[in-house]
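Take a look at the structure set out below.
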Amino acid sequence: MGNKVIFDTDPGVDDAFALLYALSHPEIEVMGITTVFGNVPVDIATQNALILSEKSGLNTAVYTGASKPQERIVNNFPNFIHGNDGFGNINHSKSQLTKSNIDAENFIIKSVQNYHGEVNIIAIGPLTNIANSFNQITTF
């Protein structure tokens, strides 16, 4: 396959296009999609990632990540841009896929350990999943 990638995202409208591009690119192997709060709450981000994974036809695994930042409080999301559903309020039907039982931070850690030096992380949302993974690794 191609370059191994973990795609870390908070799928609103903008991230949806980037994720679909990565999933369809012949030189990119998206090993997994990790979700994070940002454009939408993490539960909506996860549902959106599942929809995109299913629509791509690849059924790439989705791993739920951080629901809030490490330090600050999130009071609202930019629904005036992305709508309440993250996709501009198109109210897309729910995916038939289900999220993984492994959380995003542990998926990132295991992938980097199993494919040392081969994994690239494309992080296009808040970097909290990356920070949480890094913090867990440095406390071993």
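Each chain of the structure tokens is named A, B, ... in the order shown, its residues numbered from 1; ligands are numbered from 1 in display order.
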
Report the closest atom pair, with its distance in Å rounded to one decimal, for each residue of region 52-125 of chain A that has an atom no farther than 8 Å from region 29-46 of chain A; count only C-alpha atoms, sort by chain and then rising residue number, and write it as CSV.
residue,atom,partner,partner_atom,distance
A:Thr60,CA,A:Gly32,CA,5.9
A:Ala61,CA,A:Gly32,CA,5.1
A:Val62,CA,A:Ile33,CA,4.7
A:Tyr63,CA,A:Thr34,CA,4.7
A:Thr64,CA,A:Thr35,CA,5.0
A:Gly65,CA,A:Val36,CA,5.0
A:Ala66,CA,A:Val36,CA,5.1
A:Ser67,CA,A:Phe37,CA,5.1
A:Lys68,CA,A:Phe37,CA,6.2
A:Phe77,CA,A:Val40,CA,5.7
A:Pro78,CA,A:Asn39,CA,6.0
A:Asn79,CA,A:Val40,CA,7.4
A:His82,CA,A:Asn39,CA,7.0
A:Asn84,CA,A:Val40,CA,7.5
A:Asp85,CA,A:Ile44,CA,6.7
A:Gly86,CA,A:Val40,CA,6.0
A:Lys99,CA,A:Thr46,CA,7.4
A:Ala104,CA,A:Thr34,CA,5.3
A:Gly125,CA,A:Gly38,CA,6.3

Checklist entry - Within 12 Å of Ile130 (chain A), counting only C-alpha atoms, which residues qualify if same-chain residues fewer than 2 places away don't, as a VMD selection string? => result chain A and resid 6 to 9 34 to 36 65 to 66 69 to 70 104 to 109 112 120 to 128 132 to 137

Checklist entry - Just asking: which residues within chain A are strand (DSSP E) according to DSSP, as a ChimeraX atom specification? => result /A:3-9,28-35,62-64,119-123

Selected residues, N, CA and C atoms, written as a PDB file, in the first residue's frame, please.
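Final output, saved to again05.pdb:
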ATOM      1  N   ASN A   3       1.576   5.343   1.790  1.00  0.00           N
ATOM      2  CA  ASN A   3       2.008   5.936   3.058  1.00  0.00           C
ATOM      3  C   ASN A   3       0.965   5.694   4.133  1.00  0.00           C
ATOM      4  N   LYS A   4       1.413   5.169   5.272  1.00  0.00           N
ATOM      5  CA  LYS A   4       0.501   4.898   6.387  1.00  0.00           C
ATOM      6  C   LYS A   4       0.153   6.212   7.085  1.00  0.00           C
ATOM      7  N   VAL A   5      -1.156   6.447   7.254  1.00  0.00           N
ATOM      8  CA  VAL A   5      -1.637   7.698   7.819  1.00  0.00           C
ATOM      9  C   VAL A   5      -2.715   7.438   8.861  1.00  0.00           C
ATOM     10  N   ILE A   6      -2.638   8.176   9.955  1.00  0.00           N
ATOM     11  CA  ILE A   6      -3.757   8.295  10.881  1.00  0.00           C
ATOM     12  C   ILE A   6      -4.328   9.677  10.617  1.00  0.00           C
ATOM     13  N   PHE A   7      -5.620   9.745  10.354  1.00  0.00           N
ATOM     14  CA  PHE A   7      -6.271  11.015  10.039  1.00  0.00           C
ATOM     15  C   PHE A   7      -7.038  11.468  11.271  1.00  0.00           C
ATOM     16  N   ASP A   8      -6.532  12.505  11.935  1.00  0.00           N
ATOM     17  CA  ASP A   8      -7.125  13.034  13.169  1.00  0.00           C
ATOM     18  C   ASP A   8      -7.945  14.271  12.813  1.00  0.00           C
ATOM     19  N   THR A   9      -9.243  14.244  13.117  1.00  0.00           N
ATOM     20  CA  THR A   9     -10.141  15.247  12.559  1.00  0.00           C
ATOM     21  C   THR A   9     -11.353  15.538  13.440  1.00  0.00           C
ATOM     22  N   ILE A  28      -2.040   6.848  -0.334  1.00  0.00           N
ATOM     23  CA  ILE A  28      -2.265   7.021   1.105  1.00  0.00           C
ATOM     24  C   ILE A  28      -3.065   5.838   1.630  1.00  0.00           C
ATOM     25  N   GLU A  29      -2.565   5.239   2.679  1.00  0.00           N
ATOM     26  CA  GLU A  29      -3.286   4.176   3.381  1.00  0.00           C
ATOM     27  C   GLU A  29      -3.757   4.757   4.715  1.00  0.00           C
ATOM     28  N   VAL A  30      -5.026   5.144   4.780  1.00  0.00           N
ATOM     29  CA  VAL A  30      -5.567   5.666   6.040  1.00  0.00           C
ATOM     30  C   VAL A  30      -5.819   4.470   6.950  1.00  0.00           C
ATOM     31  N   MET A  31      -4.958   4.331   7.955  1.00  0.00           N
ATOM     32  CA  MET A  31      -5.032   3.209   8.887  1.00  0.00           C
ATOM     33  C   MET A  31      -6.227   3.325   9.818  1.00  0.00           C
ATOM     34  N   GLY A  32      -6.591   4.558  10.120  1.00  0.00           N
ATOM     35  CA  GLY A  32      -7.706   4.813  11.014  1.00  0.00           C
ATOM     36  C   GLY A  32      -8.016   6.291  11.050  1.00  0.00           C
ATOM     37  N   ILE A  33      -9.244   6.590  11.436  1.00  0.00           N
ATOM     38  CA  ILE A  33      -9.704   7.967  11.579  1.00  0.00           C
ATOM     39  C   ILE A  33      -9.946   8.199  13.058  1.00  0.00           C
ATOM     40  N   THR A  34      -9.254   9.189  13.618  1.00  0.00           N
ATOM     41  CA  THR A  34      -9.461   9.539  15.025  1.00  0.00           C
ATOM     42  C   THR A  34     -10.213  10.852  15.079  1.00  0.00           C
ATOM     43  N   THR A  35     -11.170  10.931  15.995  1.00  0.00           N
ATOM     44  CA  THR A  35     -12.007  12.122  16.068  1.00  0.00           C
ATOM     45  C   THR A  35     -11.734  12.902  17.345  1.00  0.00           C
ATOM     46  N   VAL A  62     -12.987   3.961  12.844  1.00  0.00           N
ATOM     47  CA  VAL A  62     -13.075   5.278  13.463  1.00  0.00           C
ATOM     48  C   VAL A  62     -12.912   5.120  14.968  1.00  0.00           C
ATOM     49  N   TYR A  63     -12.065   5.978  15.552  1.00  0.00           N
ATOM     50  CA  TYR A  63     -11.723   5.930  16.966  1.00  0.00           C
ATOM     51  C   TYR A  63     -12.073   7.275  17.605  1.00  0.00           C
ATOM     52  N   THR A  64     -12.911   7.251  18.620  1.00  0.00           N
ATOM     53  CA  THR A  64     -13.322   8.482  19.295  1.00  0.00           C
ATOM     54  C   THR A  64     -12.218   8.974  20.215  1.00  0.00           C
ATOM     55  N   VAL A 119       4.441   5.730  10.379  1.00  0.00           N
ATOM     56  CA  VAL A 119       3.121   6.337  10.494  1.00  0.00           C
ATOM     57  C   VAL A 119       3.212   7.857  10.443  1.00  0.00           C
ATOM     58  N   ASN A 120       2.387   8.441   9.604  1.00  0.00           N
ATOM     59  CA  ASN A 120       2.227   9.891   9.553  1.00  0.00           C
ATOM     60  C   ASN A 120       0.869  10.224  10.148  1.00  0.00           C
ATOM     61  N   ILE A 121       0.809  11.307  10.888  1.00  0.00           N
ATOM     62  CA  ILE A 121      -0.462  11.753  11.449  1.00  0.00           C
ATOM     63  C   ILE A 121      -0.852  13.045  10.741  1.00  0.00           C
ATOM     64  N   ILE A 122      -2.009  13.013  10.123  1.00  0.00           N
ATOM     65  CA  ILE A 122      -2.575  14.223   9.540  1.00  0.00           C
ATOM     66  C   ILE A 122      -3.603  14.723  10.546  1.00  0.00           C
ATOM     67  N   ALA A 123      -3.243  15.769  11.261  1.00  0.00           N
ATOM     68  CA  ALA A 123      -4.113  16.325  12.301  1.00  0.00           C
ATOM     69  C   ALA A 123      -4.654  17.661  11.815  1.00  0.00           C
TER      70      ALA A 123
END

Item to check | Test item, alpha helix (DSSP H) assignment across chain A, answer as a VMD selection string | outcome: chain A and resid 13 to 24 42 to 56 79 to 82 104 to 114 128 to 138

Checklist entry - Between CA of Leu50 (chain A) and CA of Pro11 (chain A), what is the distance, to one decimal in Å? => result 10.0 Å

Checklist entry - How many Å lie between CA of Gly88 (chain A) and CA of Asn48 (chain A), rounded to one decimal? => result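 Separation between CA of Gly88 (chain A) and CA of Asn48 (chain A): 11.7 Å.
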
Checklist entry - What is the CA of Tyr115 (chain A) to CA of Gly2 (chain A) distance in Å? => result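 According to the coordinates, CA of Tyr115 (chain A) and CA of Gly2 (chain A) are separated by 13.3 Å.
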